[in-house]
$ cat start-v3.txt   # compact mmCIF, C-alpha atoms
# COMPACT_ATOMS: atom_id res chain seq x y z
CA MET B 253 54.82 83.48 -61.98
CA ARG B 254 57.05 80.80 -60.49
CA ILE B 255 60.23 81.84 -58.69
CA LEU B 256 63.31 79.76 -57.94
CA TYR B 257 65.18 81.27 -55.00
CA PHE B 258 68.74 80.25 -54.11
CA ASP B 259 69.50 80.92 -50.46
CA CYS B 260 73.30 81.26 -50.58
CA PHE B 261 73.85 81.57 -46.82
CA SER B 262 76.70 79.07 -47.15
CA GLY B 263 77.90 80.12 -50.59
CA ILE B 264 77.26 78.28 -53.83
CA SER B 265 79.05 75.75 -56.03
CA GLY B 266 78.14 73.82 -59.14
CA ASP B 267 77.62 70.46 -57.46
CA MET B 268 75.58 72.00 -54.64
CA THR B 269 73.34 73.69 -57.22
CA VAL B 270 72.70 70.39 -59.00
CA GLY B 271 72.04 68.62 -55.69
CA ALA B 272 69.53 71.29 -54.66
CA LEU B 273 67.70 70.99 -57.98
CA ARG B 274 67.51 67.22 -57.60
CA ASP B 275 66.16 67.62 -54.07
CA LEU B 276 63.53 70.02 -55.43
CA GLY B 277 62.17 67.13 -57.47
CA VAL B 278 63.93 67.33 -60.84
CA GLU B 279 64.19 63.73 -62.03
CA GLU B 280 67.64 62.15 -62.11
CA GLU B 281 67.01 61.17 -65.73
CA VAL B 282 67.06 64.86 -66.70
CA PHE B 283 70.64 65.24 -65.49
CA GLN B 284 71.92 61.89 -66.79
CA LYS B 285 70.37 62.48 -70.22
CA ALA B 286 72.01 65.90 -70.47
CA LEU B 287 75.43 64.48 -69.54
CA ALA B 288 75.02 61.57 -71.97
CA SER B 289 74.28 64.02 -74.79
CA LEU B 290 77.82 65.40 -74.51
CA GLY B 291 79.20 62.29 -76.20
CA LEU B 292 82.00 61.82 -73.68
CA GLY B 293 81.43 58.07 -73.42
CA GLY B 294 82.70 56.76 -70.12
CA GLU B 295 84.71 59.88 -69.29
CA ILE B 296 82.03 61.17 -66.93
CA HIS B 297 80.32 59.13 -64.24
CA ALA B 298 77.85 61.07 -62.11
CA HIS B 299 75.54 59.94 -59.35
CA PHE B 300 73.35 61.29 -56.55
CA HIS B 301 72.97 60.15 -52.99
CA ARG B 302 71.10 61.43 -49.98
CA GLY B 303 73.00 62.56 -46.91
CA THR B 304 73.15 65.19 -44.20
CA LYS B 305 75.25 68.16 -43.21
CA GLN B 306 74.93 69.20 -39.57
CA ASN B 307 71.60 67.32 -39.46
CA ILE B 308 70.26 69.04 -42.61
CA ALA B 309 69.15 66.35 -45.07
CA GLY B 310 69.73 66.89 -48.78
CA VAL B 311 71.25 65.52 -51.97
CA LYS B 312 74.94 65.23 -52.88
CA PHE B 313 75.96 65.27 -56.54
CA ASP B 314 79.25 63.51 -57.28
CA VAL B 315 81.22 63.41 -60.53
CA HIS B 316 84.11 61.08 -61.34
CA SER B 317 86.38 61.21 -64.37
CA HIS B 318 87.41 57.97 -66.10
CA GLY B 319 88.53 59.19 -69.50
CA ARG B 320 91.86 59.98 -71.13
CA GLU B 321 93.61 57.44 -68.93
CA ALA B 322 96.50 56.66 -71.27
CA GLU B 323 98.71 59.01 -69.32
CA SER B 324 96.83 58.59 -66.03
CA GLY B 325 99.79 57.56 -63.90
CA GLU B 326 101.83 60.58 -64.90
CA ARG B 327 98.83 62.90 -64.76
CA LYS B 328 97.75 61.81 -61.29
CA ALA B 329 101.24 62.39 -59.96
CA GLU B 330 101.27 65.84 -61.52
CA SER B 331 97.79 66.81 -60.35
CA ALA B 332 98.59 65.97 -56.75
CA GLY B 333 101.45 68.43 -56.51
CA ASP B 334 101.30 70.76 -59.49
CA GLU B 335 99.93 74.19 -58.60
CA ALA B 336 100.41 75.79 -61.99
CA GLY B 337 97.49 78.13 -62.19
CA HIS B 338 95.41 76.29 -59.55
CA CYS B 339 94.33 78.32 -56.54
CA HIS B 340 93.93 76.07 -53.51
CA ALA B 341 91.92 77.04 -50.44
CA HIS B 342 93.24 75.84 -47.12
CA ASN B 343 89.72 74.75 -46.19
CA HIS B 344 87.73 74.29 -49.37
CA ALA B 345 84.04 73.59 -48.91
CA HIS B 346 82.86 72.29 -52.25
CA ASP B 347 85.28 69.82 -53.76
CA HIS B 348 83.92 66.61 -55.25
CA GLY B 349 84.09 63.16 -53.81
CA HIS B 350 87.24 62.10 -55.69
CA THR B 351 89.47 64.39 -53.67
CA HIS B 352 92.06 61.68 -53.22
CA GLU B 353 93.23 62.55 -56.74
CA HIS B 354 92.66 66.28 -56.87
CA PRO B 355 91.83 67.81 -53.50
CA HIS B 356 90.62 71.14 -54.83
CA ALA B 357 88.87 70.18 -58.03
CA HIS B 358 86.69 73.27 -58.30
CA GLU B 359 89.55 75.75 -58.71
CA HIS B 360 90.67 74.28 -61.99
CA VAL B 361 91.44 77.00 -64.48
CA HIS B 362 94.98 77.84 -65.48
CA SER B 363 96.88 79.84 -68.01
CA HIS B 364 97.20 78.17 -71.38
CA LYS B 365 100.98 78.24 -71.11
CA HIS B 366 100.73 75.47 -68.49
CA ALA B 367 98.41 73.29 -70.57
CA ASP B 368 101.05 71.17 -72.26
CA HIS B 369 101.93 69.16 -69.19
CA VAL B 370 98.48 68.72 -67.66
CA HIS B 371 96.71 67.45 -70.78
CA GLY B 372 93.73 69.75 -70.30
CA ARG B 373 91.00 71.22 -72.44
CA ASN B 374 91.04 74.90 -73.26
CA TYR B 375 87.95 77.05 -73.56
CA ARG B 376 87.89 76.68 -77.35
CA GLU B 377 87.74 72.88 -77.03
CA ILE B 378 85.09 72.94 -74.35
CA ARG B 379 82.95 75.31 -76.39
CA LYS B 380 83.18 72.99 -79.41
CA LEU B 381 82.29 70.02 -77.22
CA LEU B 382 79.12 71.78 -76.08
CA GLU B 383 78.24 73.11 -79.52
CA ASP B 384 78.57 69.63 -81.05
CA SER B 385 76.46 68.01 -78.34
CA THR B 386 72.80 67.07 -78.68
CA LEU B 387 71.78 69.16 -75.68
CA ASP B 388 68.51 71.06 -75.80
CA ALA B 389 69.15 74.42 -77.50
CA GLU B 390 68.35 76.47 -74.40
CA VAL B 391 70.46 74.27 -72.11
CA LYS B 392 73.35 74.41 -74.58
CA SER B 393 73.13 78.20 -74.83
CA ARG B 394 73.12 78.64 -71.07
CA ALA B 395 76.00 76.22 -70.52
CA LEU B 396 78.07 78.02 -73.15
CA ALA B 397 77.29 81.34 -71.49
CA VAL B 398 78.36 80.08 -68.05
CA PHE B 399 81.66 78.71 -69.36
CA HIS B 400 82.19 81.96 -71.26
CA ARG B 401 81.91 83.93 -68.01
CA ILE B 402 84.55 81.74 -66.35
CA ALA B 403 86.90 81.91 -69.33
CA VAL B 404 86.59 85.70 -69.63
CA ALA B 405 87.36 86.13 -65.93
CA GLU B 406 90.36 83.79 -66.03
CA GLY B 407 91.64 85.38 -69.24
CA LYS B 408 91.54 88.82 -67.65
CA ILE B 409 93.31 87.62 -64.50
CA HIS B 410 96.10 85.82 -66.37
CA GLY B 411 96.33 88.34 -69.21
CA ILE B 412 95.65 85.82 -71.98
CA PRO B 413 93.00 85.61 -74.75
CA THR B 414 89.73 84.02 -73.66
CA GLU B 415 90.03 81.29 -76.29
CA ASP B 416 93.36 80.15 -74.83
CA VAL B 417 92.23 79.80 -71.23
CA GLY B 418 92.95 76.21 -70.23
CA PHE B 419 91.09 73.97 -67.80
CA HIS B 420 92.86 71.17 -65.95
CA GLU B 421 91.53 67.82 -67.14
CA VAL B 422 89.89 66.70 -63.90
CA GLY B 423 88.55 70.16 -63.13
CA ALA B 424 87.24 70.61 -66.65
CA VAL B 425 85.26 67.37 -66.54
CA ASP B 426 83.82 68.28 -63.15
CA SER B 427 82.84 71.72 -64.35
CA ILE B 428 81.35 70.47 -67.61
CA ALA B 429 79.18 68.07 -65.63
CA ASP B 430 78.22 70.65 -62.98
CA ILE B 431 77.37 73.37 -65.48
CA VAL B 432 75.49 71.21 -67.96
CA ALA B 433 73.56 69.40 -65.21
CA ALA B 434 72.65 72.67 -63.47
CA CYS B 435 71.43 74.27 -66.71
CA ALA B 436 69.42 71.15 -67.57
CA GLY B 437 67.88 71.03 -64.11
CA ILE B 438 66.82 74.68 -64.19
CA HIS B 439 65.42 74.23 -67.70
CA ALA B 440 63.38 71.22 -66.53
CA LEU B 441 61.57 73.39 -63.98
CA GLY B 442 59.98 75.36 -66.82
CA ARG B 443 59.32 79.06 -67.09
CA LEU B 444 60.41 80.87 -63.93
CA ARG B 445 62.31 83.82 -62.51
CA ILE B 446 65.47 83.13 -60.56
CA GLU B 447 66.43 85.17 -57.52
CA ALA B 448 69.04 84.69 -54.81
CA ALA B 449 70.04 85.86 -51.38
CA ILE B 450 73.14 88.01 -51.24
CA PRO B 451 75.83 85.32 -51.50
CA VAL B 452 78.03 84.73 -48.46
CA GLU B 453 81.78 84.15 -48.83
CA GLY B 454 84.29 83.17 -46.19
CA ALA B 455 87.69 84.60 -45.32
CA GLY B 456 91.25 83.33 -45.15
CA TRP B 457 93.78 82.68 -47.89
CA ILE B 458 94.28 80.46 -50.91
CA SER B 459 97.64 79.28 -52.22
CA CYS B 460 98.38 79.84 -55.90
CA ALA B 461 101.38 79.34 -58.14
CA HIS B 462 101.54 83.15 -58.10
CA GLY B 463 101.55 83.38 -54.30
CA GLN B 464 98.98 83.85 -51.56
CA PHE B 465 95.60 85.39 -52.38
CA PRO B 466 92.86 86.30 -49.94
CA ILE B 467 89.43 84.76 -50.31
CA PRO B 468 87.37 85.38 -52.47
CA ALA B 469 89.53 83.71 -55.12
CA PRO B 470 90.55 86.02 -57.99
CA ALA B 471 88.30 84.30 -60.56
CA THR B 472 85.32 84.22 -58.22
CA LEU B 473 85.68 87.91 -57.41
CA GLU B 474 85.98 88.82 -61.09
CA ILE B 475 82.90 86.80 -62.05
CA LEU B 476 80.87 88.40 -59.25
CA SER B 477 81.67 91.92 -60.44
CA GLY B 478 78.52 94.01 -59.97
CA VAL B 479 76.90 91.47 -57.65
CA PRO B 480 76.35 92.24 -53.93
CA LEU B 481 78.59 90.05 -51.77
CA ARG B 482 78.80 89.56 -48.00
CA GLN B 483 81.96 88.22 -46.38
CA VAL B 484 82.05 86.51 -43.00
CA ALA B 485 85.00 85.90 -40.68
CA GLU B 486 85.05 82.13 -41.22
CA GLU B 487 88.15 80.58 -42.75
CA CYS B 488 86.58 78.73 -45.63
CA GLU B 489 85.98 79.29 -49.35
CA PHE B 490 82.20 79.07 -49.74
CA ILE B 491 81.84 80.27 -53.35
CA THR B 492 83.51 78.54 -56.29
CA PRO B 493 84.01 80.11 -59.74
CA THR B 494 81.50 77.63 -61.21
CA GLY B 495 78.91 78.51 -58.59
CA ALA B 496 79.52 82.22 -59.10
CA ALA B 497 79.14 81.92 -62.89
CA LEU B 498 75.86 79.99 -62.56
CA LEU B 499 74.55 82.61 -60.15
CA VAL B 500 75.47 85.57 -62.35
CA GLU B 501 74.11 83.92 -65.51
CA PHE B 502 70.69 83.07 -64.10
CA CYS B 503 69.92 85.36 -61.17
CA GLU B 504 67.83 88.48 -61.82
CA ARG B 505 67.61 89.83 -58.29
CA TYR B 506 69.60 89.61 -55.04
CA GLY B 507 68.14 90.13 -51.61
CA PRO B 508 65.51 88.72 -49.25
CA MET B 509 63.07 86.18 -50.64
CA SER B 510 60.14 87.74 -52.50
CA GLU B 511 56.61 87.24 -51.25
CA MET B 512 55.39 83.95 -52.70
CA GLN B 513 53.48 80.79 -51.94
CA ILE B 514 56.08 78.08 -51.24
CA GLU B 515 55.76 74.91 -53.31
CA ARG B 516 58.79 72.98 -52.08
CA THR B 517 62.33 73.31 -50.77
CA GLY B 518 65.53 71.43 -51.66
CA TYR B 519 69.03 71.23 -50.21
CA GLY B 520 72.24 70.58 -52.16
CA LEU B 521 75.08 69.25 -50.03
CA GLY B 522 78.75 70.21 -50.19
CA THR B 523 81.56 67.87 -49.23
CA ARG B 524 83.20 69.43 -46.18
CA ASP B 525 81.86 70.18 -42.73
CA THR B 526 81.95 73.95 -42.22
CA PRO B 527 80.68 74.82 -38.74
CA PRO B 528 79.05 76.95 -37.56
CA ARG B 529 77.02 77.01 -40.79
CA PRO B 530 76.05 73.77 -42.60
CA ASN B 531 77.70 73.32 -46.00
CA VAL B 532 74.43 73.34 -47.97
CA LEU B 533 72.68 75.40 -50.64
CA ARG B 534 68.96 75.87 -50.07
CA ALA B 535 66.68 76.24 -53.09
CA VAL B 536 63.07 77.37 -52.73
CA LEU B 537 60.44 77.03 -55.45
CA GLY B 538 57.32 79.16 -55.16
CA GLN B 539 54.55 80.98 -56.94
CA THR B 540 53.66 84.67 -57.00
CA GLY B 541 50.49 86.30 -58.22
CA GLU B 542 52.24 87.91 -61.20
CA PRO B 543 51.31 86.80 -64.73
CA GLU B 544 53.87 84.52 -66.32
CA THR B 545 53.98 86.61 -69.49
CA SER B 546 55.73 89.43 -67.68
CA GLU B 547 58.87 89.91 -65.64
CA THR B 548 58.82 92.60 -63.02
CA ASP B 549 61.05 93.85 -60.24
CA GLU B 550 61.62 96.94 -58.15
CA ILE B 551 64.42 99.42 -58.73
CA SER B 552 65.57 102.64 -57.11
CA GLN B 553 65.66 105.87 -59.11
CA ILE B 554 68.15 108.36 -57.65
CA GLU B 555 68.38 111.83 -59.14
CA THR B 556 69.66 115.33 -58.52
CA ASN B 557 69.61 118.69 -60.36
CA LEU B 558 73.00 120.15 -61.29
CA ASP B 559 74.05 123.43 -62.91
CA ASP B 560 77.56 124.06 -61.52
CA ILE B 561 79.59 121.02 -62.51
CA THR B 562 81.91 120.63 -65.49
CA PRO B 563 81.22 117.98 -68.16
CA GLU B 564 84.44 116.20 -67.22
CA LEU B 565 83.35 115.81 -63.59
CA ALA B 566 79.87 114.74 -64.67
CA ALA B 567 81.40 112.02 -66.88
CA ALA B 568 83.62 110.86 -64.03
CA ALA B 569 80.59 110.60 -61.75
CA MET B 570 78.77 108.56 -64.37
CA GLU B 571 81.71 106.14 -64.61
CA ARG B 572 81.81 105.73 -60.82
CA LEU B 573 78.08 105.06 -60.70
CA PHE B 574 78.31 102.31 -63.32
CA LYS B 575 81.24 100.69 -61.54
CA ALA B 576 79.24 100.71 -58.30
CA GLY B 577 76.44 98.71 -59.89
CA ALA B 578 74.10 101.23 -61.54
CA LEU B 579 71.74 99.68 -64.08
CA ASP B 580 71.67 102.93 -66.06
CA VAL B 581 72.87 106.52 -65.71
CA PHE B 582 71.70 109.41 -67.87
CA PHE B 583 71.52 113.20 -68.07
CA THR B 584 68.39 115.19 -68.93
CA SER B 585 68.52 118.87 -69.86
CA ALA B 586 66.73 121.12 -67.39
CA GLN B 587 66.05 124.81 -66.79
CA MET B 588 67.39 125.76 -63.37
CA LYS B 589 66.94 128.78 -61.10
CA LYS B 590 67.63 132.24 -62.52
CA CYS B 591 67.31 130.75 -66.03
CA ARG B 592 70.57 128.83 -65.72
CA PRO B 593 70.84 125.84 -68.06
CA GLY B 594 71.54 122.60 -66.24
CA PHE B 595 70.65 118.93 -66.19
CA VAL B 596 69.14 116.20 -64.07
CA LEU B 597 71.51 113.35 -63.30
CA THR B 598 69.57 110.11 -62.84
CA ALA B 599 70.87 106.72 -61.74
CA LEU B 600 68.85 103.48 -61.71
CA CYS B 601 69.87 100.58 -59.51
CA HIS B 602 68.66 97.57 -57.55
CA PRO B 603 67.41 98.61 -54.08
CA ASP B 604 70.43 97.16 -52.26
CA LYS B 605 72.70 99.57 -54.15
CA THR B 606 70.71 102.71 -53.28
CA ASP B 607 72.87 103.96 -50.42
CA ASP B 608 76.14 103.39 -52.29
CA LEU B 609 74.98 105.28 -55.38
CA ALA B 610 73.43 108.11 -53.38
CA ARG B 611 76.75 108.58 -51.61
CA ILE B 612 78.59 108.76 -54.95
CA LEU B 613 76.21 111.47 -56.17
CA LEU B 614 76.85 113.48 -53.03
CA THR B 615 80.63 113.09 -53.08
CA GLU B 616 81.43 113.09 -56.81
CA THR B 617 79.15 115.94 -57.89
CA SER B 618 78.18 119.37 -56.52
CA ALA B 619 74.82 118.05 -55.25
CA PHE B 620 73.64 118.96 -51.74
CA GLY B 621 70.86 116.38 -51.85
CA VAL B 622 69.32 113.64 -53.94
CA ARG B 623 65.78 112.39 -54.56
CA ILE B 624 65.08 108.68 -54.28
CA HIS B 625 62.04 106.94 -55.73
CA THR B 626 61.09 103.28 -55.89
CA ALA B 627 59.85 102.19 -59.29
CA ARG B 628 58.37 98.92 -60.50
CA ARG B 629 59.81 97.63 -63.76
CA TYR B 630 57.93 95.64 -66.36
CA LYS B 631 60.55 94.02 -68.55
CA LEU B 632 61.20 91.40 -71.16
CA ARG B 633 62.56 88.00 -70.19
CA ARG B 634 66.18 88.01 -71.31
CA GLU B 635 68.31 85.25 -72.71
CA PHE B 636 71.89 85.36 -73.96
CA ARG B 637 73.18 83.19 -76.79
CA ASP B 638 76.26 82.97 -78.96
CA VAL B 639 76.06 83.33 -82.73
CA GLU B 640 78.86 82.48 -85.12
CA THR B 641 80.33 85.21 -87.30
CA PRO B 642 83.30 85.16 -89.71
CA TYR B 643 85.30 86.85 -86.94
CA GLY B 644 84.35 84.58 -84.04
CA PRO B 645 81.38 83.90 -81.73
CA VAL B 646 79.44 86.97 -80.56
CA ARG B 647 76.95 87.10 -77.71
CA ILE B 648 73.47 88.40 -78.44
CA LYS B 649 70.71 89.41 -76.05
CA LEU B 650 67.19 88.20 -76.79
CA GLY B 651 64.04 89.69 -75.26
CA PHE B 652 60.89 87.58 -74.87
CA LEU B 653 57.37 88.70 -73.98
CA GLY B 654 55.89 85.45 -72.80
CA GLU B 655 56.79 83.00 -75.57
CA ASP B 656 57.17 85.72 -78.22
CA LEU B 657 60.62 86.96 -79.23
CA VAL B 658 60.32 90.73 -79.60
CA GLN B 659 63.91 92.01 -79.32
CA ALA B 660 67.39 90.85 -80.37
CA ALA B 661 70.65 92.77 -80.19
CA PRO B 662 74.37 91.95 -80.25
CA GLU B 663 76.21 92.73 -77.02
CA PHE B 664 78.58 95.63 -77.64
CA GLU B 665 81.38 94.43 -75.33
CA SER B 666 81.35 91.03 -77.02
CA CYS B 667 81.51 92.72 -80.45
CA ARG B 668 84.40 94.90 -79.32
CA ALA B 669 86.39 91.98 -77.91
CA VAL B 670 85.93 89.94 -81.09
CA ALA B 671 86.82 92.95 -83.24
CA GLU B 672 90.06 93.55 -81.33
CA GLN B 673 91.08 89.92 -81.64
CA ALA B 674 90.19 89.75 -85.35
CA GLY B 675 91.70 93.14 -86.21
CA VAL B 676 88.50 94.50 -87.77
CA SER B 677 86.09 97.30 -86.90
CA VAL B 678 83.45 96.87 -84.22
CA ARG B 679 80.89 97.91 -86.83
CA ASP B 680 81.84 94.96 -89.07
CA VAL B 681 81.43 92.51 -86.20
CA HIS B 682 78.15 94.13 -85.14
CA ILE B 683 76.71 93.79 -88.65
CA ALA B 684 77.88 90.19 -88.91
CA ALA B 685 76.23 89.38 -85.57
CA TRP B 686 72.98 90.97 -86.75
CA ILE B 687 73.05 88.80 -89.85
CA GLY B 688 73.61 85.78 -87.62
CA THR B 689 70.48 86.62 -85.62
CA THR B 690 68.14 86.78 -88.63
CA PRO B 691 65.99 84.94 -87.79
CA PRO B 692 67.00 84.79 -84.12
CA PRO B 693 68.05 81.32 -82.92
CA VAL B 694 65.05 80.46 -80.76
CA SER B 695 64.52 76.99 -79.35
$ encode --input "start-v3.txt" --output "structure tokens"
Amino acid sequence: MRILYFDCFSGISGDMTVGALRDLGVEEEVFQKALASLGLGGEIHAHFHRGTKQNIAGVKFDVHSHGREAESGERKAESAGDEAGHCHAHNHAHDHGHTHEHPHAHEHVHSHKHADHVHGRNYREIRKLLEDSTLDAEVKSRALAVFHRIAVAEGKIHGIPTEDVGFHEVGAVDSIADIVAACAGIHALGRLRIEAAIPVEGAGWISCAHGQFPIPAPATLEILSGVPLRQVAEECEFITPTGAALLVEFCERYGPMSEMQIERTGYGLGTRDTPPRPNVLRAVLGQTGEPETSETDEISQIETNLDDITPELAAAAMERLFKAGALDVFFTSAQMKKCRPGFVLTALCHPDKTDDLARILLTETSAFGVRIHTARRYKLRREFRDVETPYGPVRIKLGFLGEDLVQAAPEFESCRAVAEQAGVSVRDVHIAAWIGTTPPPVS
């Protein structure tokens, strides 16, 4: 099986991801064709060039916006000073080359209530743009999923519906290009598993219309919920919301690089100089001995026997475990000492979460000890796609065994969110989503 490993020792952004993929050998035509399929005419101009960061050679991906210029004079004046909903890092590492117009282009999302005077696109419009494009079905699905993650995070932060989340015009064009190009580049590499190092984020503060926020930015932190994150005492924003969303959408494992035979390495360059670490994203492509029809990984199984804890406390422990990153938590009935009825509490997690979850079991339950096992998982390759229902788009999870689709199921949280917005039962939305997946929308 082939593995694509993102070494996020200097964070990750959309443009750095695309640059790293190009440096890995993905042809420029792949990216340009994907952007052309959006039907934006001359609104997007993207190009690559080779360069260096602290003597590390790689590829820089630049995007420029030329569209919607009727109100350009007014818009440029506004974008230079308007901070409505834009979080600005004092030392941003990943902005694009056209920073003379919009110095912090990657932090571009704002509440819909500010959209009238910045002439932006909201999430609904961007989703329609992608859906109406001629992108490859898999690339389109992935790009929609990445934008959905950003919109959900921003909607939660600002307290507005996901559909109404607005994107500043320049930022939206940059992000559309970054996300679509990244998804196209990954798709061009063929069947593979994507892993990443634990992403590194800097420290310091960002200035928002709502005040000062510490790094990580609110949207970035929300998107990375459940993902291991390491912060360093360097005053720079290394991870952008776009980079975070791409990472969460594609990555299946975080930690040191798996054992593999290295094929090639690529470097995507950021814009700023960020000593002591170079502002680059390293991507490694390699091959393992695993068959390509399967997807495997290692997980930790943590368990303990309990017979003296109330159901309420057991439920609270389960909630804490899930919030801490557990993949699954379950109770199994068991016969304890002196014929006392009890249960085994089991938590499954990625290995890097083992210590955190073990500590929760010891502090949130009556356990005096836990058992920890390492298990190897054999699992289906998963893809997420949106299907249209009468109540709105619902995300579904597809499971593939090699090239064969063997599972499909609507995502409950997506069904619940759509049901709340439409004022119908979750069951109605769930049934409608099932109908929309028959047959499943495979590419």
$ atom_distance --input "start-v3.txt" --atom1 "atom CA of Ala610 of chain B" --atom2 "atom CA of Ala485 of chain B"
28.1 Å
$ closest_residue --input "start-v3.txt" --among "B:Ser477, B:Thr494, B:Ser677, B:Thr517" --to "Ile431 of chain B" --atoms "all atoms listed in the file"
B:Thr494
$ atom_distance --input "start-v3.txt" --atom1 "atom CA of Ala661 of chain B" --atom2 "atom CA of Gly644 of chain B"
16.4 Å
$ residues_around --input "start-v3.txt" --residues "Pro603 of chain B" --least-positions-apart "4" --cutoff "8 Å" --atoms "all atoms listed in the file" --output "PyMOL selection string"
chain B and resi 550-552
$ residues_around --input "start-v3.txt" --residues "Lys285 of chain B" --least-positions-apart "4" --cutoff "12 Å" --atoms "only C-alpha atoms" --output "PyMOL selection string"
chain B and resi 279-281+289-291+298+385-388+391+429+432-433+436-437+440
$ closest_residue --input "start-v3.txt" --among "B:Leu396, B:Val678, B:Gly577, B:Thr523" --to "Leu476 of chain B" --atoms "only C-alpha atoms"
B:Gly577
$ closest_residue --input "start-v3.txt" --among "B:Ile687, B:Leu597, B:Met570, B:Met253" --to "Phe583 of chain B" --atoms "all atoms listed in the file"
B:Leu597
$ axis_aligned_box --input "start-v3.txt" --around "segment 432-438 of chain B" --padding-each-side "4 Å" --output "JSON"
{"center_x": 71.2, "center_y": 72.0, "center_z": -65.7, "size_x": 16.7, "size_y": 13.3, "size_z": 12.5}
$ residues_around --input "start-v3.txt" --residues "Cys260 of chain B" --least-positions-apart "4" --cutoff "8 Å" --atoms "all atoms listed in the file" --output "list of chain:residue names"
B:Ile264, B:Ala448, B:Ala449, B:Ile450, B:Pro451, B:Val452, B:Leu533, B:Arg534
$ atom_distance --input "start-v3.txt" --atom1 "atom CA of Pro662 of chain B" --atom2 "atom CA of Cys601 of chain B"
22.9 Å
$ closest_residue --input "start-v3.txt" --among "B:Ser393, B:Ala576, B:Asp275, B:Ala674" --to "Leu650 of chain B" --atoms "only C-alpha atoms"
B:Ser393
$ residues_around --input "start-v3.txt" --residues "Asp608 of chain B" --least-positions-apart "3" --cutoff "9 Å" --atoms "all atoms listed in the file" --output "NGL selection string"
:B and (573 or 576-577 or 604-605 or 611-613)
$ write_last_selection --input "start-v3.txt" --atoms "C-alpha atoms" --output "PDB file, in the coordinates of the input"
ATOM      1  CA  LEU B 573      78.080 105.060 -60.700  1.00  0.00           C
ATOM      2  CA  ALA B 576      79.240 100.710 -58.300  1.00  0.00           C
ATOM      3  CA  GLY B 577      76.440  98.710 -59.890  1.00  0.00           C
ATOM      4  CA  ASP B 604      70.430  97.160 -52.260  1.00  0.00           C
ATOM      5  CA  LYS B 605      72.700  99.570 -54.150  1.00  0.00           C
ATOM      6  CA  ARG B 611      76.750 108.580 -51.610  1.00  0.00           C
ATOM      7  CA  ILE B 612      78.590 108.760 -54.950  1.00  0.00           C
ATOM      8  CA  LEU B 613      76.210 111.470 -56.170  1.00  0.00           C
TER       9      LEU B 613
END
$ closest_residue --input "start-v3.txt" --among "B:Gly456, B:Gly271, B:Phe582, B:Ile446" --to "Gly538 of chain B" --atoms "all atoms listed in the file"
B:Ile446
$ residues_around --input "start-v3.txt" --residues "Phe502 of chain B" --least-positions-apart "5" --cutoff "10 Å" --atoms "all atoms listed in the file" --output "ChimeraX atom specification"
/B:394,398,435,438,445-448,497,634-635
$ closest_residue --input "start-v3.txt" --among "B:Asp638, B:Glu415, B:Glu474, B:Glu515" --to "Val500 of chain B" --atoms "all atoms listed in the file"
B:Glu474
$ decode --input "start-v3.txt" --residues "segment 301-311 of chain B" --atoms "N, CA and C atoms" --output "short mmCIF file (atom, residue, chain, number, x, y, z; two decimals), in the first residue's frame"
data_model
loop_
_atom_site.label_atom_id
_atom_site.label_comp_id
_atom_site.auth_asym_id
_atom_site.auth_seq_id
_atom_site.Cartn_x
_atom_site.Cartn_y
_atom_site.Cartn_z
N HIS B 301 6.13 28.26 -8.77
CA HIS B 301 7.52 28.57 -9.05
C HIS B 301 8.39 27.94 -7.97
N ARG B 302 9.61 27.60 -8.36
CA ARG B 302 10.55 27.00 -7.42
C ARG B 302 11.25 28.08 -6.63
N GLY B 303 11.56 27.77 -5.39
CA GLY B 303 12.24 28.72 -4.52
C GLY B 303 12.85 27.99 -3.35
N THR B 304 13.28 28.76 -2.36
CA THR B 304 13.87 28.16 -1.16
C THR B 304 13.38 28.89 0.08
N LYS B 305 13.39 28.18 1.18
CA LYS B 305 13.15 28.73 2.50
C LYS B 305 14.23 28.21 3.43
N GLN B 306 15.09 29.12 3.90
CA GLN B 306 16.21 28.73 4.75
C GLN B 306 17.01 27.59 4.12
N ASN B 307 17.26 27.76 2.80
CA ASN B 307 18.07 26.82 2.00
C ASN B 307 17.39 25.48 1.75
N ILE B 308 16.08 25.38 2.00
CA ILE B 308 15.31 24.19 1.64
C ILE B 308 14.58 24.51 0.34
N ALA B 309 14.89 23.77 -0.71
CA ALA B 309 14.28 24.02 -2.02
C ALA B 309 12.92 23.34 -2.10
N GLY B 310 11.97 24.02 -2.73
CA GLY B 310 10.63 23.46 -2.89
C GLY B 310 9.84 24.26 -3.89
N VAL B 311 8.51 24.10 -3.84
CA VAL B 311 7.61 24.74 -4.79
C VAL B 311 6.64 25.65 -4.05
#
